[in-house]
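Below you'll find the structure, written out as structure tokens, and then a few comments.
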Amino acid sequence: MSNILRSFSSLYFATLLMVLASGVLTTYLGLRLAADSAAQIWIGGMMSAYYLGLVAGSKVGHRLIARVGHIRAFVASAGITTASALGHALIDDLAIWLLLRLMVGMGMMCMYMVLESWLNEQADSKNRGTVFASYMIVSYLGLVLGQLAISLNPELTLKPLLIVAMCFALCIVPLALTRRIHPAPLQPAPLKIKLFWQKVPQSLTTIAMAGVIVGSFYGLAPAYIAHSGASTEQVAAYMATTVIAGLLAQWPMGRLSDKIRRSRLIRINTVLLGGVVLCIAILPLSGVFALIFTFAFGILAFTLYPLATALANQNVEQEHRVALSATILLTFGMGACIGPLIASGFMQLVGNSMLYGFMALCTLLLFLRLTHVNYQQKQQDKEVSQDYVMASGDLVSSPLAAALDPRVDEQMVQEQMVHPHHPDAELPTADQELSSMDAAAAPEVQIDTTEAVPEPDQDQRKDENKPV
């Protein structure tokens with residue numbers, strides 16, 4: 001673990017500074033707009049513009065990295081992001097702020113692509129899991145530190161924006177001075193949205209709803225807590241508690257998903273999350289109880305995405321997983337873009353409590369959709385099992401299938417693969433068995449012992465007629 005941290009220390013340090021700056025900026029804008037009594041739709045629009053920038057940046061980032069390389073693309077993106085963050089201090093026009101948030105999202109996505117593609121290329125199969133687990137830990141740590149940085153500046157002056165600009169500027173230094181090998185240019189991943197929605201509908205539906213819920217939380221939770229009368233330090237503690245819960249839940253939930261069927265675990269997670277957000281929306285929570293419930297929310301909400309991603313990858317062939325990753329990112333980004341807009345509309349029409357009321361509605365819709373899709377898949381499996389008839393071209397007639405079947409004699413399999421066209425290498429049928437019995441009764445039969453295949457015993461004949 002320590003060797004990996006030292007090997008990729010420049011990339012991890014750049015990630016820490018970048019995510020810290022992003023966390024400070026997101027929370028600061030939410031609190032600033034709430035303090036200025038801005039309409040909820042503007043607060044939601046700020047977060048939607050950020051995620052829209054992430055989606056657009058995925059396309060721009062590929063072209064930029066392919067044209068100028070990873071380090072230059074990172075430096076250019078960090079410069080644009082720094083200038084956009086400082087623009088909030090110079091201009092008070094909310095329409096311009098939306099454009100600045102869009103630019104920040106595009107720059108952040110380009111930097112994410114540089115870091116993750118660099119890690120992915122230079123990590124090998126022996127340490128890839130540890131490398132990316134460390135990357136996720138560093139990312140969550142940056143988010144937590146961002147919330148703590150906000151609590152040190154409760155006045156909501158220009159200091160948080162200066163911290164954001166400093167972190168975005170300093171994250172260039174580790175990559176500029178690194179001595180690691182420069183990675184190869186990125187190759188664009190194709191999008192096969194319709195194909196994957198047909199192949200893994202439960203996973204993509206969950207990812208889309210996870211985007212809606214997480215995007216709404218990051219964009220509107222600071223304003224929601226501030227409107228309830230909490231101070232800036234309490235808002236920072238609320239956000240930090242939620243992020244820490246998401247971090248701590250990743251490894252246990254991953255272990256649990258290896259023991260329980262992932263589709264069932266996602267449905268259980270959805271039901272529990274619905275109950276938690278409904279309680280937050282209905283009950284007047286404050287103080288320690290508010291922190292307890294948001295901790296539970298972080299455990300359940302922040303694990304929907306990794307569970308759905310694992311479920312999707314286990315049902316897709318290896319050659320399609322690059323395209324699947326691109327589709328997953330696009331689906332999550334679109335959900336996170338739409339969620340804050342809808343949630344802020346509900347909050348403006350009904351009240352602040354509708355932030356979590358909207359999330360409860362999302363979990364209900366998600367559970368109904370997952371249950372419906374799961375029922376349809378079970379019905380299709382029953383129809384296939386009833387209508388299926390074993391044919392000569394099925395895998396069961398292949399020598400590979402026999403090699404995988406422990407009931408088949410090993411010597412017979414080897415000779416069958418060496419002499420695939422020899423008549424004695426064929427599995428005996430009922431007529432061949434009768435012929436062999438008649439031949440055995442004949443007194444004078446010459447048998448070539450060099451290529452003869454041992455005849456299966458009676459139990460083996462019975463098993464060979466069963467489908468594998």
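Lettering and numbering for the structure tokens are positional, with chains as A, B, ... in the shown order, residues counted from 1 in each chain, and ligands counted from 1 in the shown order.
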
What's the 7 Å shell around A:Ser216, counting only C-alpha atoms, without same-chain residues fewer than 5 positions away, as a VMD selection string? chain A and resid 339 to 340 343

Using DSSP on the backbone, list every residue of stretch 92-130 of chain A that comes out as alpha helix (DSSP H), and give them as number ranges by chain. A: 94-122, 128-130

Selection to disk with C-alpha atoms, as a JSON list (two decimals), in the first residue's frame:
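Written file, result.json:
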```
[["chain", "number", "residue", "atom", "x", "y", "z"],
["A", 94, "LEU", "CA", -26.52, 34.68, -12.01],
["A", 95, "ALA", "CA", -26.73, 33.97, -15.74],
["A", 96, "ILE", "CA", -22.96, 34.46, -15.99],
["A", 97, "TRP", "CA", -22.53, 32.22, -12.95],
["A", 98, "LEU", "CA", -24.33, 29.43, -14.82],
["A", 99, "LEU", "CA", -21.84, 29.78, -17.67],
["A", 100, "LEU", "CA", -18.92, 29.79, -15.23],
["A", 101, "ARG", "CA", -20.23, 26.59, -13.58],
["A", 102, "LEU", "CA", -20.47, 25.00, -17.02],
["A", 103, "MET", "CA", -16.83, 25.89, -17.70],
["A", 104, "VAL", "CA", -15.75, 24.53, -14.31],
["A", 105, "GLY", "CA", -17.54, 21.24, -15.06],
["A", 106, "MET", "CA", -15.84, 20.88, -18.44],
["A", 107, "GLY", "CA", -12.42, 21.63, -16.97],
["A", 108, "MET", "CA", -12.94, 19.20, -14.09],
["A", 109, "MET", "CA", -13.94, 16.39, -16.44],
["A", 110, "CYS", "CA", -10.82, 16.91, -18.57],
["A", 111, "MET", "CA", -8.65, 16.75, -15.44],
["A", 112, "TYR", "CA", -10.47, 13.64, -14.20],
["A", 113, "MET", "CA", -9.87, 11.96, -17.55],
["A", 114, "VAL", "CA", -6.14, 12.78, -17.44],
["A", 115, "LEU", "CA", -5.71, 11.39, -13.93],
["A", 116, "GLU", "CA", -7.84, 8.26, -14.32],
["A", 117, "SER", "CA", -6.46, 7.29, -17.73],
["A", 118, "TRP", "CA", -2.93, 7.80, -16.41],
["A", 119, "LEU", "CA", -3.61, 5.58, -13.40],
["A", 120, "ASN", "CA", -5.37, 2.98, -15.52],
["A", 121, "GLU", "CA", -2.49, 2.69, -17.99],
["A", 122, "GLN", "CA", 0.37, 2.47, -15.51],
["A", 128, "ARG", "CA", -4.96, -2.15, -10.14],
["A", 129, "GLY", "CA", -7.59, -2.62, -7.44],
["A", 130, "THR", "CA", -5.40, -1.08, -4.75]]
```

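Comparing A:Asp92, A:Glu233, A:Lys259, A:Cys171 by their smallest distance to A:Ser77, the closest is A:Cys171 (using only C-alpha atoms).
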
Dump as a tab-separated table the rows for residues of stretch 145-229 of chain A within 8 Å of stretch 351-362 of chain A: closest atom pair and distance in Å with one decimal, only C-alpha atoms counted, ordered by chain and rising residue number.
```
residue	atom	partner	partner_atom	distance
A:Met209	CA	A:Cys362	CA	6.7
A:Ile213	CA	A:Met359	CA	6.0
A:Ser216	CA	A:Leu355	CA	7.6
A:Leu220	CA	A:Leu355	CA	7.5
A:Ala221	CA	A:Leu355	CA	7.8
A:Tyr224	CA	A:Asn352	CA	6.0
A:His227	CA	A:Asn352	CA	7.7
```

How would the residues just picked look written out with N, CA and C atoms as a compact mmCIF listing (two decimals), in the first residue's frame?
```
# COMPACT_ATOMS: atom_id res chain seq x y z
N MET A 209 -30.91 7.17 -11.58
CA MET A 209 -31.53 7.67 -10.36
C MET A 209 -30.49 8.04 -9.32
N ILE A 213 -30.26 11.70 -7.45
CA ILE A 213 -30.24 11.87 -6.00
C ILE A 213 -28.95 12.55 -5.54
N SER A 216 -28.75 16.20 -6.72
CA SER A 216 -29.64 17.05 -5.94
C SER A 216 -29.07 17.32 -4.55
N LEU A 220 -28.18 21.13 -3.55
CA LEU A 220 -29.23 21.79 -2.79
C LEU A 220 -29.18 21.55 -1.28
N ALA A 221 -28.45 20.53 -0.82
CA ALA A 221 -28.40 20.27 0.62
C ALA A 221 -27.81 21.43 1.41
N TYR A 224 -30.56 23.85 1.80
CA TYR A 224 -31.61 23.26 2.62
C TYR A 224 -31.28 23.39 4.10
N HIS A 227 -31.33 27.14 5.24
CA HIS A 227 -32.67 27.68 5.43
C HIS A 227 -33.32 27.20 6.72
```

Report, in Å to a single decimal, how far apart atom CA of A:Ala240 and atom CA of A:Ile266 are. 24.5 Å

For atom CA of A:Asn313 and atom CA of A:Ser58, quote the distance in Å rounded to one decimal. 20.6 Å

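Candidate residues A:Gln318, A:Ala208, A:Asn374, A:Arg63 were compared for distance to A:Arg262, and the nearest is A:Asn374, using only C-alpha atoms.
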
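Distance annotation: of A:Ile292, A:Ala78, A:Ala34, A:Leu162, the residue with the minimal separation from A:Ala230 is A:Ala34; atom set is only C-alpha atoms.
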
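Of the listed residues (A:Ile41, A:Leu366, A:Ala76, A:Val164), A:Val164 comes nearest to A:Gly146; the distances count only C-alpha atoms.
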
Give me, as a CSV table (one decimal) with N, CA and C atoms, in the first residue's frame, all polymer residues having an atom no more than 6 Å from A:Gln147, counting only C-alpha atoms and skipping those fewer than 3 positions away in the same chain.
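In the end it all went to result27.csv:
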```
chain,number,residue,atom,x,y,z
A,144,VAL,N,-14.1,15.9,2.0
A,144,VAL,CA,-14.2,16.2,3.4
A,144,VAL,C,-13.4,17.4,3.8
A,150,ILE,N,-14.6,25.2,4.4
A,150,ILE,CA,-15.7,26.2,4.4
A,150,ILE,C,-16.0,26.6,5.9
A,236,ALA,N,-21.3,22.8,7.1
A,236,ALA,CA,-20.1,22.0,6.7
A,236,ALA,C,-20.0,20.7,7.4
A,240,ALA,N,-19.9,17.1,5.5
A,240,ALA,CA,-18.8,16.3,5.8
A,240,ALA,C,-19.2,14.9,6.3
```
